[in-house]
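To start, the structure itself, in C-alpha cells.
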Amino acid sequence: MKIIIFFFATLFLAAMTFAQEESPSPAAESTAPATEEKASATVEEAPAAKPEESTVPAVKSEPAASPKAAATAAPAKAATTNAAKPATSAPAASTAKTSTKNMAPRDAENAWEAAFMKHDAATIDGFLAADFTGVSDDNKFVDRSNVLGKVKKNKDNYKSAKNERLNVKMYGNNIAVVTGRARETGTGKDGKGFDRTYLFTDTWMMRGGKWQCIASHVTKIKG
C-alpha cells in the first residue's frame, strides 16, 4: 500500500513539474502581450506624416536696389523732405502807409509828394495835424479832410512827382517853415498828358515827438 501511495505521489510531482515547465508564468504572459502591443503601436506610429503644403504664400524677396537706383532715389527723398518743410516766408511787403514818426520836415515833404503820386492818402494823413488849415492850388480854403478827400478822388496817372528847391527855416526847436516847388507829369483822366508846377509854403510843428504840418499854401504856376 505504501508503495502504491508513493508511486502516485511521484507521478503527481512529475506531472506538476512538467506542467510548470510547459506553461509560461503569469508574469511572462502579462508582459509578452504588452510588449507586442507596444511594439505594434510603435510600428504604426513610425511612418512620418507627409508634410502638408504650407498655405501661407511665400514672401517674394525684393531684389536689392542697385547703387544707381539708390542714387536716383536719394534726391527724390531729399526733395520730398524739403517739400514737407514749410517754405521760408518772404519778407512781408511794406504797407501802403509810410511811417512818418521820425521824419524831419525836409524828408516829410518828399514823402508827401511821393505819396500824392501813388494816391496814398494814408501816408499823407500821417503828416497832417488834426487842426490843419490851408489854401489849395485852386484858391480854396481847406482843412485836413479836404486835402485827404482830394487825394482819394484824384484819377490822374502820374509818371513822376518830386520836389525841387526845398528851403527849410527853423524857428526855435519846434517850428519849421518849408518853401519849395513841386513838379508833376503824367496823364489825366481825360487821356491827355500834363506837366504841372506848384509853389508851396508849409508850416510844421513838433508835437508829441513827431513833426506835423499845421498850415499850407499852394499856388499853381504851370500846367
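Going through the C-alpha cells in order, the chains are called A, B, and so on, while each chain numbers its residues from 1 and the ligands are numbered from 1 in the order shown.
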
**Report entry** Spatial neighbours of Cys213 in chain A, 7 Å, only C-alpha atoms, chain gap at least 5 places, as a ChimeraX atom specification
**Finding:** /A:127-129,132,202-205

Query - Atom pair CA of Glu113 in chain A / CA of Arg165 in chain A: separation (Å) - result: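 Taking CA of Glu113 in chain A as the start and CA of Arg165 in chain A as the end point, the length is 13.6 Å.
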
Query raised in the report: So, counting only C-alpha atoms, which residue among A:Gln212, A:Phe141, A:Asp120, A:Asn163 is closest to Ile175 in chain A?
Result: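 Of all the options, A:Gln212 lies closest to Ile175 in chain A.
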
Report task. Identify which of the residues A:Asn110, A:Ser136, A:Asn157, A:Asn102 lies closest to Gly209 in chain A, counting only C-alpha atoms when measuring atom-to-atom distances. Result ->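 The closest residue to Gly209 in chain A is A:Asn102.
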
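Counting only C-alpha atoms, the residue from A:Lys169, A:His217, A:Arg183, A:Lys192 that sits nearest to Val147 in chain A is A:His217.
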
**Report entry** Shortest interatomic distance to Lys210 in chain A - which of A:Ser145, A:Thr179, A:Thr123, A:Asn174, counting only C-alpha atoms
**Finding:**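 Smallest distance to Lys210 in chain A is found for A:Asn174.
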
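When only C-alpha atoms are used to measure the gap to Ala182 in chain A, the shortest distance among A:Leu148, A:Val218, A:Ala115, A:Ile124 belongs to A:Val218.
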
Report task. Using only C-alpha atoms, determine which residues lie at most 6 Å from Leu199 in chain A, disregarding the query and same-chain residues fewer than 3 positions distant; provide the list as number ranges by chain. Result -> A: 180-181, 218-219

Save the residues we just selected, N, CA and C atoms, as a compact mmCIF listing (two decimals), in the first residue's frame?
```txt
# COMPACT_ATOMS: atom_id res chain seq x y z
N GLY A 180 9.11 175.62 -51.34
CA GLY A 180 9.67 174.81 -52.41
C GLY A 180 8.79 174.81 -53.64
N ARG A 181 9.22 174.00 -54.60
CA ARG A 181 8.49 173.87 -55.86
C ARG A 181 8.29 172.38 -56.14
N VAL A 218 -0.67 176.64 -51.35
CA VAL A 218 -0.19 176.10 -52.63
C VAL A 218 -0.69 176.97 -53.78
N THR A 219 0.23 177.27 -54.74
CA THR A 219 -0.12 178.05 -55.92
C THR A 219 0.37 177.33 -57.17
```

Query - Distance criterion (only C-alpha atoms): nearest to Val135 in chain A out of A:Phe200, A:Trp211, A:Phe194, A:Tyr158 - result: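 Between A:Phe200, A:Trp211, A:Phe194, A:Tyr158, the residue approaching Val135 in chain A most closely is A:Phe200.
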
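Note that CA of Glu164 in chain A and CA of Lys118 in chain A are 18.4 Å apart.
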
Report task. Extract the full set of alpha helix (DSSP H) residues from range 101-203 of chain A according to DSSP on the backbone, and format it as a ChimeraX atom specification. Result -> /A:105-117,121-127,144-153
